[in-house]
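Visitor: The structure under discussion is supplied below as structure tokens; questions concerning it will follow.
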Amino acid sequence: DGEATTTSSATSATDVRYALRALGTFRSAFRRRLGAPRQPSLVPLARGRVALHAHVPASALEGLEEFSHCWLLFLFHENTDFHASVTREIGKTGKTGAADGPRTTTRGKIRVPRLNGEKRGCLATRTPHRPCPIGLSLVEIVSVGERWLDVAGADVVNGSPILDVKPYVPYSDCNAEARAPLWVSGPVDDGGDGPLHVDEVVMTDAGELAVRRAWEAMKKRSLYRDADEFVAFTLQALGRDLRSYHQRLKPTPTSAPAAASVAGNGDEDHAAGDDIEWKCALDGVVVSYKHVGKRVFVVGAEKDTADDPDAYYTTSVK
């Protein structure tokens, strides 16, 4: 575990690989990669658990309870190009710019959600699609067990391999002089998250009833104490636009009367696509919601019984 391996007898720095063994697996309220928050701490009620693998001694967690927060290092194991990116295989359809050399599944630039699709180099962003697909998440420590660690605020998908757990040390991890570009650090005109901003998340009467009923059917496996806590988590999880750049801009059939009926008060701030029903899997419950302007309305929910991990991320026009 952890030793360097090479691909040929005449090796170079680019040929060296490392075989790492995950220390645990993450159980998350986010059962699919689509729907998980784009950054840690954005959804404080997001519950999760690191379960240690058998080869890691339980004593490894001793003392962690003295800290309030820790870092989780994990693999983006649900990337669609995960296998190719970790083995450096040449992709059949992947593209990079001509200056980047041979075509691979790793793109040099990606579209940034908070820049409404404007591109930046992948290493200047937090994109999961990286040359080495390792994630870093700052989480709150909720409790430490014999062979598990319960945390809150993670942006980690269910089943993610955990490579390491490191305590958050304020004197060295927090730099008051650090700077970042305005699009990630400063206020913006429309509410703080640019195109991802949501003014309000509203539970319709039918939506809240469906959410509570679906949670009751799944509560034995839930990470939440009761339906009230799960409803609060759902409101937080939908508090930023989860849709991709292309999903936000793609024109779709809609009608103003239908959009207004969702708002309940004849909200006139609707746009193309307001009548699309979006779905997001949260802790075993598939929540249905609609966007009306900058507001989100929860309209329904059901138990998550999909065999296809992406089955609930298709949209349907009502």
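The chains in the structure tokens are called A, B, ... from first to last as shown; in each chain the residues are counted from 1, and the ligands are counted from 1 in the order shown.
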Could you pull the residues within 10 Å of Gly121 of chain A, counting only C-alpha atoms, minus those fewer than 4 positions along the same chain, as a PyMOL selection string?
Guide: chain A and resi 107-112+125+127+130
Visitor: Determine, counting only C-alpha atoms, which protein, DNA and RNA residues have an atom within 10 Å of an atom of segment 227-242 of chain A; residues of the same chain fewer than 6 positions away are not included. Present the result as a VMD selection string.
Guide: chain A and resid 29 to 30 34 to 38 42 to 47 113 193 to 203 208 211 to 216 219 248 278 280 282 to 283 285 287 289 291 294 to 298
Visitor: Rounded to one decimal place, report the atom CA of Arg49 of chain A-atom CA of Asn158 of chain A distance in Å.
Guide: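 We find that atom CA of Arg49 of chain A and atom CA of Asn158 of chain A lie 9.4 Å from each other.
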Visitor: Please report the interatomic distance between atom CA of Gly284 of chain A and atom CA of Val156 of chain A in Å with one decimal.
Guide: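 Going from atom CA of Gly284 of chain A over to atom CA of Val156 of chain A covers 15.3 Å.
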Visitor: Residues of segment 103-149 of chain A in helix (DSSP H, G or I) according to DSSP, as a list of chain:residue names?
Guide: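 Result set for segment 103-149 of chain A (helix (DSSP H, G or I)): A:Pro113, A:Arg114, A:Leu115, A:Cys122, A:Leu123, A:Ala124.
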Visitor: Just the selected residues (N, CA, C and O atoms), exported as a PDB file, in the first residue's frame, please.
Guide:
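Final output, saved to result-v3.pdb:
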```pdb
ATOM      1  N   PRO A 113     -19.510  27.121 -12.757  1.00  0.00           N
ATOM      2  CA  PRO A 113     -20.926  27.427 -12.510  1.00  0.00           C
ATOM      3  C   PRO A 113     -21.175  28.866 -12.059  1.00  0.00           C
ATOM      4  O   PRO A 113     -22.098  29.524 -12.533  1.00  0.00           O
ATOM      5  N   ARG A 114     -20.345  29.384 -11.155  1.00  0.00           N
ATOM      6  CA  ARG A 114     -20.572  30.730 -10.639  1.00  0.00           C
ATOM      7  C   ARG A 114     -20.188  31.820 -11.644  1.00  0.00           C
ATOM      8  O   ARG A 114     -20.489  32.992 -11.432  1.00  0.00           O
ATOM      9  N   LEU A 115     -19.531  31.435 -12.729  1.00  0.00           N
ATOM     10  CA  LEU A 115     -19.231  32.384 -13.802  1.00  0.00           C
ATOM     11  C   LEU A 115     -20.160  32.178 -14.988  1.00  0.00           C
ATOM     12  O   LEU A 115     -19.883  32.634 -16.086  1.00  0.00           O
ATOM     13  N   CYS A 122      -8.722  23.998 -14.938  1.00  0.00           N
ATOM     14  CA  CYS A 122      -9.327  23.109 -13.933  1.00  0.00           C
ATOM     15  C   CYS A 122      -8.640  23.217 -12.570  1.00  0.00           C
ATOM     16  O   CYS A 122      -9.285  23.074 -11.532  1.00  0.00           O
ATOM     17  N   LEU A 123      -7.333  23.506 -12.559  1.00  0.00           N
ATOM     18  CA  LEU A 123      -6.617  23.608 -11.291  1.00  0.00           C
ATOM     19  C   LEU A 123      -6.847  24.946 -10.597  1.00  0.00           C
ATOM     20  O   LEU A 123      -6.415  25.135  -9.455  1.00  0.00           O
ATOM     21  N   ALA A 124      -7.542  25.862 -11.276  1.00  0.00           N
ATOM     22  CA  ALA A 124      -7.927  27.129 -10.655  1.00  0.00           C
ATOM     23  C   ALA A 124      -9.372  27.078 -10.178  1.00  0.00           C
ATOM     24  O   ALA A 124      -9.968  28.101  -9.842  1.00  0.00           O
TER      25      ALA A 124
END
```
Visitor: Could you work out how far atom CA of Gln247 of chain A lies from atom CA of Val157 of chain A, giving the answer in Å with one decimal?
Guide: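 Between atom CA of Val157 of chain A and atom CA of Gln247 of chain A the gap works out to 20.8 Å.
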